[in-house]
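In what follows, a structure is listed as structure tokens, so that the remarks can point back to it.
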Amino acid sequence: MPLIHSTDPDFRVCQISFDTLLTIQLEAEERGWATRWSSVDALRSQVKEGSIALQSLIREERGGVVRAYRCLLLFSAVDHGDAGGVATIDLDPERFESLDRLDRDADVRKVLARMFTLATGGISMVSKK
């Protein structure tokens, strides 16, 4: 599965609603995809309602055709105050193409890609010396 780089045409960062995430989850369940929550209830127990940032990460191809996009999700976590969470979920290519992009500007794309890299590596408050 090829990694999607910020210079690739199918790299994108989107802001999605909680309802859109629920729809994506249900589609992933229907398709039997493993990269999703175990259920909508499990998703609701971890993801706080509100806007969610999504970034394309990997494209799954079969026979030269994209079957799914594995995306990173950056969200506010339930029961963790202001803390957030990062998880992955698979999207149908048609759903992926329908999402509104935030990363149309090259400089914004670089910043958003860096933000997701930091989030997946772990972020913590640092006391200044």
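We label chains A, B, ... in the order they appear in the structure tokens, count residues from 1 in each chain, and number ligands from 1 in the order shown.
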Q: Within chain A, find each residue whose DSSP state, derived from the backbone, is alpha helix (DSSP H), and express the selection as number ranges by chain.
A: A: 18-31, 40-46, 93-98, 106-121
Next, the residues of the selection above should be written as an mmCIF file, in the first residue's frame with C-alpha atoms.
data_model
loop_
_atom_site.group_PDB
_atom_site.id
_atom_site.type_symbol
_atom_site.label_atom_id
_atom_site.label_comp_id
_atom_site.auth_asym_id
_atom_site.auth_seq_id
_atom_site.Cartn_x
_atom_site.Cartn_y
_atom_site.Cartn_z
ATOM 1 C CA PHE A 18 -19.112 14.012 13.411
ATOM 2 C CA ASP A 19 -22.108 12.891 11.322
ATOM 3 C CA THR A 20 -19.860 12.415 8.287
ATOM 4 C CA LEU A 21 -17.509 10.310 10.413
ATOM 5 C CA LEU A 22 -20.462 8.166 11.492
ATOM 6 C CA THR A 23 -21.411 7.664 7.833
ATOM 7 C CA ILE A 24 -17.816 6.716 6.967
ATOM 8 C CA GLN A 25 -17.810 4.262 9.889
ATOM 9 C CA LEU A 26 -21.043 2.636 8.708
ATOM 10 C CA GLU A 27 -19.706 2.358 5.146
ATOM 11 C CA ALA A 28 -16.520 0.720 6.472
ATOM 12 C CA GLU A 29 -18.611 -1.722 8.527
ATOM 13 C CA GLU A 30 -20.747 -2.604 5.478
ATOM 14 C CA ARG A 31 -17.621 -3.293 3.408
ATOM 15 C CA VAL A 40 -20.664 3.092 16.011
ATOM 16 C CA ASP A 41 -21.044 2.784 19.792
ATOM 17 C CA ALA A 42 -17.286 2.256 20.144
ATOM 18 C CA LEU A 43 -16.665 5.340 17.987
ATOM 19 C CA ARG A 44 -19.092 7.403 20.077
ATOM 20 C CA SER A 45 -17.297 6.292 23.251
ATOM 21 C CA GLN A 46 -13.988 7.708 22.015
ATOM 22 C CA PRO A 93 -12.610 6.559 -3.107
ATOM 23 C CA GLU A 94 -15.921 8.153 -4.069
ATOM 24 C CA ARG A 95 -16.521 9.355 -0.483
ATOM 25 C CA PHE A 96 -12.897 10.532 -0.297
ATOM 26 C CA GLU A 97 -13.268 12.623 -3.466
ATOM 27 C CA SER A 98 -16.488 14.209 -2.150
ATOM 28 C CA ALA A 106 0.963 24.643 -0.863
ATOM 29 C CA ASP A 107 2.136 26.397 2.329
ATOM 30 C CA VAL A 108 -1.016 25.402 4.193
ATOM 31 C CA ARG A 109 -0.578 21.819 2.944
ATOM 32 C CA LYS A 110 2.957 21.700 4.387
ATOM 33 C CA VAL A 111 1.818 23.021 7.775
ATOM 34 C CA LEU A 112 -1.131 20.634 8.000
ATOM 35 C CA ALA A 113 1.028 17.664 6.976
ATOM 36 C CA ARG A 114 3.555 18.622 9.690
ATOM 37 C CA MET A 115 0.749 18.943 12.254
ATOM 38 C CA PHE A 116 -0.444 15.412 11.529
ATOM 39 C CA THR A 117 3.124 14.090 11.685
ATOM 40 C CA LEU A 118 3.563 15.630 15.129
ATOM 41 C CA ALA A 119 0.189 14.323 16.285
ATOM 42 C CA THR A 120 0.949 10.760 15.219
ATOM 43 C CA GLY A 121 4.346 10.917 16.897
#
(Q) Excluding region 51-61 of chain A and its own-chain neighbours fewer than 5 positions away, which residues fall within 8 Å of it when counting only C-alpha atoms? Please give them as number ranges by chain. (A) A: 1-5, 10-18, 66-76, 113, 116
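When only C-alpha atoms are used to measure the gap to Ile89 (chain A), the shortest distance among A:Gly32, A:Val126, A:Trp37, A:Thr7 belongs to A:Trp37.
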Q) Using the chain letters and numbers from this document, which residues of chain A does DSSP assign to strand (DSSP E), as a ChimeraX atom specification? A) /A:13-16,52-62,65-76,84-91
